[in-house]
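Please read the structure below before turning to the comments.
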Amino acid sequence: MRWMRAAGRGLLVLVVVLTGYMASGVHAEEAGTGGRGPLTLATAGDLTGYLGPLLQGWNRTHPAEKVTLVELPDSADETHAQMITDLRGGDRGRFDVLNIDVTWTSEFAAAGWIRPLPPERFPLKSFLPAVVDTARYDGRLYAVPYVTNAGLLLYRKDVLAKEGVPPPRTWAELEHDAKTIAPRYGLDGYAGQLLPYEGLTVNAAEAVYSAGGTILGDEGTRVTVDSDAAREGIGFLARGLREGWIPKAALTYKEEESKQAFQDGRLLFLRNWPYAYAVASAPGSQVAGKIGAVQLPGPDGPGKSVLGGSNLAVNTHARHPDSAARLIAYLTSESVQRQVLTRGALPPVRAALYDDPTLVRRFPYLPTLRAAVRTAAPRPKSPHYDQVSLVVQAVVHDALTGHETPAAAVRRLARELDAVARR
């Protein structure tokens with residue numbers, strides 16, 4: 001969960017745990033306790049330390065609703081497991097308001113663990129349009145977007161300038177430059193996050209989407225992956241590893257390892273979340289001032305990113321509903337969303353911030369990121385998303401390591417996803 005680091009590590013996770021909450025729109029008498037009270041907020045590793053000051057601001061103005069910060073494990077899988085364990089525990093529990101990965105909304109809503117929220121309580125019309133869909137399931141709002149994300153292609157603009165070539169817009173251009181330019185500078189060509197974990201699901205989905213394919217349809221009930229587009233997308237990644245312009249080390253990379261390789265000056269191109277641009281541009285980085293960012297390439301032009309980020313949701317058994325709704329409104333207000341970007345290097349959901357000249361000067365990738373978010377697609381929606389992701393990771397990894405051809409991998413992927421969809 002990478003707002004989770006990949007939303008901030010792209011993707012860092014925030015869980016707000018209220019000692020009492022009840023969802024907006026549910027009357028206090030239905031819960032049997034008051035609608036306001038102190039809160040506990042848990043997060044999976046606040047790498048930049050931005051969250052504490054935000055909560056101090058809340059605590060100063062809401063002394064009867066103070067938030068205590070608790071950190072969950074760094075791993076998205078561990079955070080997901082701890083949340084589910086708590087949610088399955090029935091009444092009360094530690095976690096009342098949760099900042100969940102955008103892919104978990106369908107799973108948690110279908111299981112009855114989080115409750116619908118009244119859209120009128122939140123400034124949804126001020127958000128980037130694409131992000132609101134990640135918070136809906138079966139036509140209802142079950143969460144509120146908090147941070148968004150889209151993968152970008154980072155590149156060494158100093159190297160490309162010396163060669164007199166623009167950044168790649170297509171897979172063919174990326175492959176050519178990774179094969180021919182990178183070796184002349186002692187660099188590896190291209191890397192993403194190809195270790196078998198959630199990042200591999202993201203990289204594989206982006207390759208399939210960029211080629212014009214899909215993985216699941218109809219809220220996870222229909223398998224659509226058996227297509228020429230899927231074979232082309234997975235084949236692109238497999239070919240890079242086979243031919244060497246994607247280094248074998250990429251099979252061990254998560255967000256942070258791949259960012260470090262780029263930051264240390266070992267890569268010409270890197271697929272990562274925007275936080276990697278911010279961190280690799282900081283003083284002390286070997287590539288500070290030498291980085292550019294464009295949308296991910298595709299077969300014939302800009303491709304599609306997976307839409308990342310996290311949403312704030314409410315436990316079905318939570319108490320103190322008004323405090324929860326007020327806290328969510330606070331965290332999605334424009335002033336706080338500005339700090340989410342400036343202090344946390346996390347992409348905000350407020351659309352107006354992407355046009356702010358001061359912010360664009362400080363974060364030059366914002367216009368590119370907005371374009372990427374506008375065309376991004378969510379990971380496959382499914383009530384069984386964790387199982388879907390595990391299947392994608394296992395099958396695609398076999399294709400990348402040469403144990404299966406891309407065509408055979410896609411056929412197997414369709415069979416195994418169909419078994420998940422029928423559960």
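Residues in the structure tokens are numbered from 1 in each chain, the chains being A, B, ... in the order shown, and ligands are numbered from 1 in the order shown.
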Report task. List every residue of region 117-249 of chain A that DSSP, applied to the backbone of this structure, assigns to strand (DSSP E), and report them as a list of chain:residue names. Result ->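 Strand (DSSP E) members of region 117-249 of chain A, listed: A:Arg136, A:Tyr137, A:Arg140, A:Leu141, A:Ala143, A:Val144, A:Pro145, A:Tyr146, A:Val147, A:Thr148, A:Asn149, A:Ala150, A:Leu152, A:Leu153, A:Leu154, A:Tyr155, A:Arg156, A:Asp188, A:Gly189, A:Tyr190, A:Ala191, A:Leu216, A:Gly217, A:Arg222, A:Val223.
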Using the selection just defined, write its residues with N, CA, C and O atoms as a tab-separated table (two decimals), in the first residue's frame.
```tsv
chain	number	residue	atom	x	y	z
A	136	ARG	N	-15.95	4.51	-5.59
A	136	ARG	CA	-17.32	4.00	-5.74
A	136	ARG	C	-17.32	2.50	-5.98
A	136	ARG	O	-16.40	1.95	-6.60
A	137	TYR	N	-18.38	1.86	-5.51
A	137	TYR	CA	-18.60	0.45	-5.79
A	137	TYR	C	-20.10	0.23	-5.93
A	137	TYR	O	-20.89	0.71	-5.10
A	140	ARG	N	-22.35	3.31	-5.60
A	140	ARG	CA	-22.42	4.10	-4.36
A	140	ARG	C	-21.02	4.53	-3.92
A	140	ARG	O	-20.03	3.85	-4.21
A	141	LEU	N	-20.96	5.65	-3.22
A	141	LEU	CA	-19.71	6.17	-2.69
A	141	LEU	C	-19.39	5.47	-1.38
A	141	LEU	O	-20.14	5.59	-0.41
A	143	ALA	N	-16.04	5.61	-0.11
A	143	ALA	CA	-14.82	6.21	0.42
A	143	ALA	C	-14.68	7.60	-0.19
A	143	ALA	O	-15.45	7.98	-1.08
A	144	VAL	N	-13.69	8.34	0.28
A	144	VAL	CA	-13.40	9.67	-0.27
A	144	VAL	C	-11.93	9.69	-0.69
A	144	VAL	O	-11.05	9.35	0.10
A	145	PRO	N	-11.64	10.07	-1.95
A	145	PRO	CA	-10.24	10.11	-2.39
A	145	PRO	C	-9.40	11.04	-1.52
A	145	PRO	O	-9.84	12.13	-1.16
A	146	TYR	N	-8.19	10.59	-1.21
A	146	TYR	CA	-7.28	11.38	-0.37
A	146	TYR	C	-6.02	11.77	-1.12
A	146	TYR	O	-5.62	12.93	-1.14
A	147	VAL	N	-5.35	10.80	-1.71
A	147	VAL	CA	-4.24	11.10	-2.62
A	147	VAL	C	-4.44	10.27	-3.88
A	147	VAL	O	-5.08	9.22	-3.85
A	148	THR	N	-3.90	10.76	-4.98
A	148	THR	CA	-3.95	10.01	-6.21
A	148	THR	C	-2.54	9.70	-6.66
A	148	THR	O	-1.57	10.09	-6.01
A	149	ASN	N	-2.41	9.03	-7.78
A	149	ASN	CA	-1.09	8.70	-8.31
A	149	ASN	C	-1.22	8.16	-9.72
A	149	ASN	O	-2.25	7.56	-10.06
A	150	ALA	N	-0.19	8.34	-10.49
A	150	ALA	CA	-0.10	7.72	-11.81
A	150	ALA	C	1.37	7.51	-12.10
A	150	ALA	O	2.21	8.34	-11.75
A	152	LEU	N	4.84	7.45	-14.02
A	152	LEU	CA	5.49	8.30	-15.01
A	152	LEU	C	6.78	7.63	-15.49
A	152	LEU	O	7.32	6.76	-14.79
A	153	LEU	N	7.26	8.05	-16.65
A	153	LEU	CA	8.58	7.61	-17.12
A	153	LEU	C	9.59	8.70	-16.76
A	153	LEU	O	9.56	9.80	-17.32
A	154	LEU	N	10.46	8.41	-15.81
A	154	LEU	CA	11.56	9.31	-15.49
A	154	LEU	C	12.73	9.01	-16.42
A	154	LEU	O	12.97	7.85	-16.76
A	155	TYR	N	13.46	10.04	-16.80
A	155	TYR	CA	14.58	9.82	-17.71
A	155	TYR	C	15.71	10.80	-17.41
A	155	TYR	O	15.50	11.85	-16.78
A	156	ARG	N	16.89	10.45	-17.82
A	156	ARG	CA	18.07	11.30	-17.67
A	156	ARG	C	18.07	12.33	-18.79
A	156	ARG	O	18.50	12.07	-19.92
A	188	ASP	N	22.18	1.02	-17.28
A	188	ASP	CA	21.14	0.07	-17.68
A	188	ASP	C	20.04	0.86	-18.38
A	188	ASP	O	19.88	2.06	-18.16
A	189	GLY	N	19.26	0.14	-19.20
A	189	GLY	CA	18.31	0.84	-20.05
A	189	GLY	C	17.04	1.28	-19.37
A	189	GLY	O	16.75	2.48	-19.26
A	190	TYR	N	16.25	0.33	-18.91
A	190	TYR	CA	14.92	0.64	-18.39
A	190	TYR	C	14.59	-0.31	-17.27
A	190	TYR	O	14.95	-1.50	-17.31
A	191	ALA	N	13.87	0.19	-16.27
A	191	ALA	CA	13.40	-0.69	-15.19
A	191	ALA	C	12.08	-0.17	-14.65
A	191	ALA	O	11.78	1.03	-14.70
A	216	LEU	N	-10.05	-7.39	-16.35
A	216	LEU	CA	-11.37	-7.81	-15.87
A	216	LEU	C	-12.40	-6.77	-16.26
A	216	LEU	O	-12.09	-5.60	-16.47
A	217	GLY	N	-13.65	-7.20	-16.33
A	217	GLY	CA	-14.76	-6.29	-16.57
A	217	GLY	C	-15.90	-6.59	-15.63
A	217	GLY	O	-15.90	-7.60	-14.92
A	222	ARG	N	-16.22	-10.70	-15.04
A	222	ARG	CA	-15.93	-11.15	-16.41
A	222	ARG	C	-14.43	-11.00	-16.67
A	222	ARG	O	-13.84	-9.94	-16.43
A	223	VAL	N	-13.80	-12.05	-17.19
A	223	VAL	CA	-12.37	-12.05	-17.49
A	223	VAL	C	-12.17	-11.64	-18.94
A	223	VAL	O	-12.75	-12.25	-19.85
```
**Report entry** Contacts of Val360 (chain A) within 12 Å, only C-alpha atoms, excl. fewer than 4 positions in-chain, as a PyMOL selection string
**Finding:** chain A and resi 338+341-342+352-356+364-370
Could you please take those selected residues and save all heavy atoms as a tab-separated table (two decimals), in the first residue's frame?
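Listed below is the output, selection-v1.tsv:
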```
chain	number	residue	atom	x	y	z
A	338	ARG	N	-2.73	20.90	-0.29
A	338	ARG	CA	-1.50	21.59	-0.70
A	338	ARG	C	-0.31	21.07	0.12
A	338	ARG	O	0.78	20.84	-0.42
A	338	ARG	CB	-1.66	23.10	-0.52
A	338	ARG	CG	-0.45	23.92	-0.96
A	338	ARG	CD	-0.74	25.40	-0.73
A	338	ARG	NE	-1.80	25.86	-1.60
A	338	ARG	CZ	-1.61	26.37	-2.81
A	338	ARG	NH1	-0.38	26.47	-3.31
A	338	ARG	NH2	-2.63	26.78	-3.53
A	341	LEU	N	1.05	17.67	-0.83
A	341	LEU	CA	2.03	17.75	-1.92
A	341	LEU	C	3.35	18.35	-1.45
A	341	LEU	O	4.41	17.76	-1.68
A	341	LEU	CB	1.45	18.58	-3.06
A	341	LEU	CG	2.41	18.87	-4.23
A	341	LEU	CD1	2.86	17.59	-4.91
A	341	LEU	CD2	1.75	19.82	-5.23
A	342	THR	N	3.30	19.51	-0.80
A	342	THR	CA	4.55	20.21	-0.49
A	342	THR	C	5.34	19.56	0.64
A	342	THR	O	6.57	19.58	0.63
A	342	THR	CB	4.26	21.68	-0.11
A	342	THR	OG1	3.37	21.72	1.01
A	342	THR	CG2	3.63	22.42	-1.28
A	352	ALA	N	-7.46	22.00	-8.79
A	352	ALA	CA	-6.93	23.35	-8.93
A	352	ALA	C	-5.44	23.43	-8.60
A	352	ALA	O	-4.72	24.29	-9.14
A	352	ALA	CB	-7.71	24.31	-8.04
A	353	LEU	N	-4.95	22.56	-7.76
A	353	LEU	CA	-3.54	22.61	-7.36
A	353	LEU	C	-2.61	22.29	-8.51
A	353	LEU	O	-1.44	22.72	-8.51
A	353	LEU	CB	-3.29	21.65	-6.18
A	353	LEU	CG	-4.07	21.97	-4.90
A	353	LEU	CD1	-3.78	20.93	-3.83
A	353	LEU	CD2	-3.73	23.37	-4.39
A	354	TYR	N	-3.08	21.57	-9.50
A	354	TYR	CA	-2.23	21.21	-10.64
A	354	TYR	C	-1.99	22.38	-11.59
A	354	TYR	O	-1.14	22.31	-12.46
A	354	TYR	CB	-2.84	20.02	-11.39
A	354	TYR	CG	-2.74	18.73	-10.63
A	354	TYR	CD1	-3.62	18.45	-9.59
A	354	TYR	CD2	-1.74	17.80	-10.92
A	354	TYR	CE1	-3.53	17.27	-8.87
A	354	TYR	CE2	-1.64	16.62	-10.20
A	354	TYR	CZ	-2.54	16.36	-9.16
A	354	TYR	OH	-2.43	15.19	-8.45
A	355	ASP	N	-2.77	23.46	-11.40
A	355	ASP	CA	-2.61	24.65	-12.23
A	355	ASP	C	-1.96	25.80	-11.48
A	355	ASP	O	-1.80	26.90	-12.02
A	355	ASP	CB	-3.98	25.11	-12.76
A	355	ASP	CG	-4.63	24.08	-13.66
A	355	ASP	OD1	-3.90	23.44	-14.44
A	355	ASP	OD2	-5.87	23.92	-13.58
A	356	ASP	N	-1.59	25.57	-10.25
A	356	ASP	CA	-1.00	26.62	-9.42
A	356	ASP	C	0.44	26.89	-9.88
A	356	ASP	O	1.29	26.00	-9.79
A	356	ASP	CB	-1.02	26.17	-7.96
A	356	ASP	CG	-0.54	27.27	-7.01
A	356	ASP	OD1	0.58	27.77	-7.18
A	356	ASP	OD2	-1.31	27.59	-6.08
A	364	PRO	N	7.83	20.41	-11.27
A	364	PRO	CA	7.64	20.58	-12.72
A	364	PRO	C	6.85	19.46	-13.38
A	364	PRO	O	6.33	19.63	-14.49
A	364	PRO	CB	9.08	20.63	-13.26
A	364	PRO	CG	9.93	20.99	-12.10
A	364	PRO	CD	9.26	20.40	-10.90
A	365	TYR	N	6.75	18.31	-12.73
A	365	TYR	CA	6.05	17.18	-13.33
A	365	TYR	C	4.53	17.28	-13.20
A	365	TYR	O	3.81	16.44	-13.74
A	365	TYR	CB	6.52	15.86	-12.70
A	365	TYR	CG	6.32	15.78	-11.21
A	365	TYR	CD1	5.08	15.46	-10.66
A	365	TYR	CD2	7.37	16.04	-10.34
A	365	TYR	CE1	4.89	15.38	-9.28
A	365	TYR	CE2	7.19	15.97	-8.96
A	365	TYR	CZ	5.95	15.65	-8.44
A	365	TYR	OH	5.77	15.59	-7.09
A	366	LEU	N	4.00	18.29	-12.49
A	366	LEU	CA	2.57	18.33	-12.22
A	366	LEU	C	1.70	18.33	-13.49
A	366	LEU	O	0.72	17.59	-13.57
A	366	LEU	CB	2.22	19.54	-11.35
A	366	LEU	CG	2.53	19.41	-9.86
A	366	LEU	CD1	2.13	20.68	-9.12
A	366	LEU	CD2	1.83	18.21	-9.24
A	367	PRO	N	2.01	19.14	-14.53
A	367	PRO	CA	1.18	19.07	-15.74
A	367	PRO	C	1.21	17.69	-16.39
A	367	PRO	O	0.18	17.19	-16.87
A	367	PRO	CB	1.80	20.13	-16.65
A	367	PRO	CG	2.46	21.09	-15.71
A	367	PRO	CD	2.99	20.24	-14.60
A	368	THR	N	2.38	17.07	-16.40
A	368	THR	CA	2.48	15.71	-16.96
A	368	THR	C	1.69	14.72	-16.12
A	368	THR	O	0.99	13.85	-16.65
A	368	THR	CB	3.96	15.28	-17.02
A	368	THR	OG1	4.67	16.16	-17.87
A	368	THR	CG2	4.11	13.85	-17.55
A	369	LEU	N	1.77	14.87	-14.80
A	369	LEU	CA	1.04	13.97	-13.92
A	369	LEU	C	-0.47	14.13	-14.10
A	369	LEU	O	-1.21	13.15	-14.14
A	369	LEU	CB	1.42	14.23	-12.47
A	369	LEU	CG	0.67	13.43	-11.41
A	369	LEU	CD1	0.85	11.93	-11.62
A	369	LEU	CD2	1.12	13.82	-10.01
A	370	ARG	N	-0.92	15.38	-14.24
A	370	ARG	CA	-2.36	15.59	-14.44
A	370	ARG	C	-2.83	14.91	-15.72
A	370	ARG	O	-3.89	14.27	-15.74
A	370	ARG	CB	-2.68	17.08	-14.50
A	370	ARG	CG	-4.15	17.35	-14.67
A	370	ARG	CD	-4.50	18.81	-14.52
A	370	ARG	NE	-5.94	19.00	-14.52
A	370	ARG	CZ	-6.54	20.13	-14.15
A	370	ARG	NH1	-5.83	21.14	-13.72
A	370	ARG	NH2	-7.85	20.23	-14.20
```
Report task. Quick one: everything within 12 Å of Arg88 (chain A), counting only C-alpha atoms, minus sequence neighbours fewer than 5 positions away in the same chain. Send it as a list in words. Result -> Ala81, Gln82, Met83, Gly93, Arg94, Phe95, Phe108, Ala111, Gly112, Trp113, Ile114, Asn315, Thr316 and His317 of chain A
For the selection you just gave me, I'd like the residues written to a file as an mmCIF file, in the first residue's frame, keeping C-alpha atoms.
```cif
data_model
loop_
_atom_site.group_PDB
_atom_site.id
_atom_site.type_symbol
_atom_site.label_atom_id
_atom_site.label_comp_id
_atom_site.auth_asym_id
_atom_site.auth_seq_id
_atom_site.Cartn_x
_atom_site.Cartn_y
_atom_site.Cartn_z
ATOM 1 C CA ALA A 81 -3.820 -8.236 6.279
ATOM 2 C CA GLN A 82 -3.938 -6.255 9.530
ATOM 3 C CA MET A 83 -6.878 -4.196 8.333
ATOM 4 C CA GLY A 93 -11.925 -3.010 16.874
ATOM 5 C CA ARG A 94 -8.961 -0.721 16.472
ATOM 6 C CA PHE A 95 -9.633 0.601 12.973
ATOM 7 C CA PHE A 108 -14.037 -3.917 1.471
ATOM 8 C CA ALA A 111 -17.589 -7.677 2.185
ATOM 9 C CA GLY A 112 -19.676 -5.170 4.157
ATOM 10 C CA TRP A 113 -16.649 -3.886 6.101
ATOM 11 C CA ILE A 114 -17.078 -0.228 5.114
ATOM 12 C CA ASN A 315 -15.566 0.866 9.269
ATOM 13 C CA THR A 316 -19.153 -0.376 9.372
ATOM 14 C CA HIS A 317 -18.883 -0.714 13.175
#
```
**Report entry** Proximity to Arg422 (chain A) - best of A:Ala211, A:Val388, A:Leu346, A:Ala408, only C-alpha atoms
**Finding:** A:Val388
Query raised in the report: Of the candidates A:Arg242, A:Arg60, A:Arg271, A:Arg231, which shows the shortest atom-to-atom distance to Val396 (chain A), using only C-alpha atoms?
Result: A:Arg231
Report task. Write out as a PyMOL selection string which residues come within 7 Å of region 124-128 of chain A when counting only C-alpha atoms, dropping same-chain ones fewer than 4 positions away. Result -> chain A and resi 349-351
Grab the residues selected above and save them as a compact mmCIF listing (two decimals), in the first residue's frame with all heavy atoms.
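Saved result, again00.txt, follows:
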```
# COMPACT_ATOMS: atom_id res chain seq x y z
N VAL A 349 -5.61 15.29 -4.65
CA VAL A 349 -6.80 15.00 -5.47
C VAL A 349 -7.50 16.27 -5.92
O VAL A 349 -8.39 16.22 -6.77
CB VAL A 349 -7.79 14.09 -4.71
CG1 VAL A 349 -7.17 12.73 -4.47
CG2 VAL A 349 -8.24 14.72 -3.40
N ARG A 350 -7.14 17.42 -5.36
CA ARG A 350 -7.75 18.69 -5.74
C ARG A 350 -7.22 19.16 -7.09
O ARG A 350 -6.03 19.42 -7.26
CB ARG A 350 -7.44 19.74 -4.68
CG ARG A 350 -8.18 19.54 -3.37
CD ARG A 350 -9.52 20.21 -3.45
NE ARG A 350 -10.20 20.21 -2.15
CZ ARG A 350 -11.20 21.03 -1.86
NH1 ARG A 350 -11.65 21.88 -2.76
NH2 ARG A 350 -11.78 20.95 -0.68
N ALA A 351 -8.11 19.32 -8.06
CA ALA A 351 -7.70 19.63 -9.43
C ALA A 351 -7.01 20.98 -9.54
O ALA A 351 -6.05 21.13 -10.31
CB ALA A 351 -8.93 19.59 -10.34
```
Report task. Give me the residues within 9 Å of Asp300 (chain A) as a PyMOL selection string, counting only C-alpha atoms and dropping any in the same chain fewer than 2 places off. Result -> chain A and resi 169-172+211+297-298+302-303
Query raised in the report: Separation of CA of His403 (chain A) and CA of Glu175 (chain A), in Å?
Result: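 CA of Glu175 (chain A) lies 22.4 Å from CA of His403 (chain A).
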Report task. Could you give me, as a ChimeraX atom specification, the residues within 12 Å of Leu241 (chain A), counting only C-alpha atoms and dropping anything in the same chain fewer than 3 positions from it? Result -> /A:175,178-179,188-192,194,234-238,244-251,397,399-402
Store the residues of this selection in a file with N, CA and C atoms, as an mmCIF file, in the first residue's frame.
```
data_model
loop_
_atom_site.group_PDB
_atom_site.id
_atom_site.type_symbol
_atom_site.label_atom_id
_atom_site.label_comp_id
_atom_site.auth_asym_id
_atom_site.auth_seq_id
_atom_site.Cartn_x
_atom_site.Cartn_y
_atom_site.Cartn_z
ATOM 1 N N GLU A 175 12.698 1.256 -26.363
ATOM 2 C CA GLU A 175 13.548 0.091 -26.558
ATOM 3 C C GLU A 175 14.826 0.457 -27.304
ATOM 4 N N ALA A 178 17.084 2.528 -24.953
ATOM 5 C CA ALA A 178 17.601 1.688 -23.872
ATOM 6 C C ALA A 178 18.685 0.750 -24.376
ATOM 7 N N LYS A 179 18.550 0.294 -25.612
ATOM 8 C CA LYS A 179 19.544 -0.617 -26.191
ATOM 9 C C LYS A 179 20.809 0.094 -26.636
ATOM 10 N N ASP A 188 22.175 1.018 -17.280
ATOM 11 C CA ASP A 188 21.139 0.073 -17.678
ATOM 12 C C ASP A 188 20.041 0.859 -18.385
ATOM 13 N N GLY A 189 19.256 0.140 -19.205
ATOM 14 C CA GLY A 189 18.314 0.843 -20.055
ATOM 15 C C GLY A 189 17.036 1.282 -19.368
ATOM 16 N N TYR A 190 16.252 0.332 -18.909
ATOM 17 C CA TYR A 190 14.916 0.644 -18.395
ATOM 18 C C TYR A 190 14.589 -0.314 -17.265
ATOM 19 N N ALA A 191 13.869 0.187 -16.271
ATOM 20 C CA ALA A 191 13.399 -0.688 -15.188
ATOM 21 C C ALA A 191 12.077 -0.170 -14.650
ATOM 22 N N GLY A 192 11.306 -1.114 -14.133
ATOM 23 C CA GLY A 192 10.103 -0.798 -13.372
ATOM 24 C C GLY A 192 10.183 -1.563 -12.073
ATOM 25 N N LEU A 194 9.412 -5.107 -10.831
ATOM 26 C CA LEU A 194 9.095 -6.418 -11.395
ATOM 27 C C LEU A 194 9.244 -7.571 -10.408
ATOM 28 N N ILE A 234 2.592 -7.915 -22.230
ATOM 29 C CA ILE A 234 3.466 -8.784 -21.437
ATOM 30 C C ILE A 234 4.689 -9.178 -22.256
ATOM 31 N N GLY A 235 4.497 -9.340 -23.558
ATOM 32 C CA GLY A 235 5.631 -9.659 -24.432
ATOM 33 C C GLY A 235 6.663 -8.553 -24.471
ATOM 34 N N PHE A 236 6.222 -7.304 -24.396
ATOM 35 C CA PHE A 236 7.149 -6.173 -24.379
ATOM 36 C C PHE A 236 8.086 -6.250 -23.177
ATOM 37 N N LEU A 237 7.528 -6.505 -22.009
ATOM 38 C CA LEU A 237 8.361 -6.609 -20.809
ATOM 39 C C LEU A 237 9.262 -7.841 -20.857
ATOM 40 N N ALA A 238 8.704 -8.962 -21.286
ATOM 41 C CA ALA A 238 9.499 -10.193 -21.353
ATOM 42 C C ALA A 238 10.658 -10.042 -22.332
ATOM 43 N N GLY A 244 18.030 -7.898 -22.536
ATOM 44 C CA GLY A 244 18.969 -7.236 -21.648
ATOM 45 C C GLY A 244 18.816 -5.741 -21.489
ATOM 46 N N TRP A 245 17.921 -5.101 -22.231
ATOM 47 C CA TRP A 245 17.764 -3.652 -22.027
ATOM 48 C C TRP A 245 16.906 -3.357 -20.791
ATOM 49 N N ILE A 246 16.250 -4.370 -20.258
ATOM 50 C CA ILE A 246 15.756 -4.338 -18.879
ATOM 51 C C ILE A 246 16.684 -5.241 -18.076
ATOM 52 N N PRO A 247 17.394 -4.720 -17.079
ATOM 53 C CA PRO A 247 18.359 -5.551 -16.356
ATOM 54 C C PRO A 247 17.661 -6.615 -15.512
ATOM 55 N N LYS A 248 18.332 -7.746 -15.337
ATOM 56 C CA LYS A 248 17.771 -8.814 -14.505
ATOM 57 C C LYS A 248 17.496 -8.338 -13.086
ATOM 58 N N ALA A 249 18.275 -7.341 -12.643
ATOM 59 C CA ALA A 249 18.065 -6.814 -11.289
ATOM 60 C C ALA A 249 16.663 -6.259 -11.108
ATOM 61 N N ALA A 250 16.016 -5.851 -12.188
ATOM 62 C CA ALA A 250 14.663 -5.304 -12.084
ATOM 63 C C ALA A 250 13.672 -6.332 -11.554
ATOM 64 N N LEU A 251 14.001 -7.621 -11.686
ATOM 65 C CA LEU A 251 13.141 -8.675 -11.145
ATOM 66 C C LEU A 251 13.142 -8.679 -9.620
ATOM 67 N N HIS A 397 5.237 -13.148 -13.689
ATOM 68 C CA HIS A 397 6.626 -13.403 -13.300
ATOM 69 C C HIS A 397 7.186 -14.593 -14.076
ATOM 70 N N ALA A 399 6.356 -15.466 -17.037
ATOM 71 C CA ALA A 399 6.627 -14.998 -18.398
ATOM 72 C C ALA A 399 7.904 -14.167 -18.452
ATOM 73 N N LEU A 400 8.126 -13.332 -17.449
ATOM 74 C CA LEU A 400 9.306 -12.470 -17.447
ATOM 75 C C LEU A 400 10.593 -13.249 -17.241
ATOM 76 N N THR A 401 10.505 -14.333 -16.511
ATOM 77 C CA THR A 401 11.706 -15.139 -16.263
ATOM 78 C C THR A 401 11.904 -16.224 -17.317
ATOM 79 N N GLY A 402 11.053 -16.263 -18.338
ATOM 80 C CA GLY A 402 11.224 -17.203 -19.438
ATOM 81 C C GLY A 402 10.678 -18.584 -19.183
#
```
Query raised in the report: Quick one: residues within 10 Å of His62 (chain A), only C-alpha atoms counted, chain neighbours fewer than 3 positions away excluded, as a list in words?
Result: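 With the cut-off at 10 Å, the set is Gly37, Pro38, Gln56, Gly57, Trp58, Asn59, Glu65, Lys66, Val67, Ser323 and Leu327 of chain A.
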Query raised in the report: Nearest to Ala230 (chain A): which of A:Ala182, A:Ala207, A:Val202, A:Val102 is it, counting only C-alpha atoms?
Result: A:Ala207
Requested in this report: Pick out the closest residue to Asp218 (chain A) from this set: A:Glu198, A:Glu163, A:Asp138, A:Asp386. Count only C-alpha atoms.
Outcome: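 Going through A:Glu198, A:Glu163, A:Asp138, A:Asp386 one by one, the smallest distance to Asp218 (chain A) is for A:Asp138.
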**Report entry** Nearest candidate to Ala377 (chain A) (options A:Glu206, A:Glu107, A:Asp86, A:Asp158; using only C-alpha atoms)
**Finding:** A:Glu206
Query - helix (DSSP H, G or I) call set, DSSP backbone run, region 135-320 of chain A, as a ChimeraX atom specification - result: /A:135,157-163,171-184,198-210,228-243,248-252,255-263,274-280
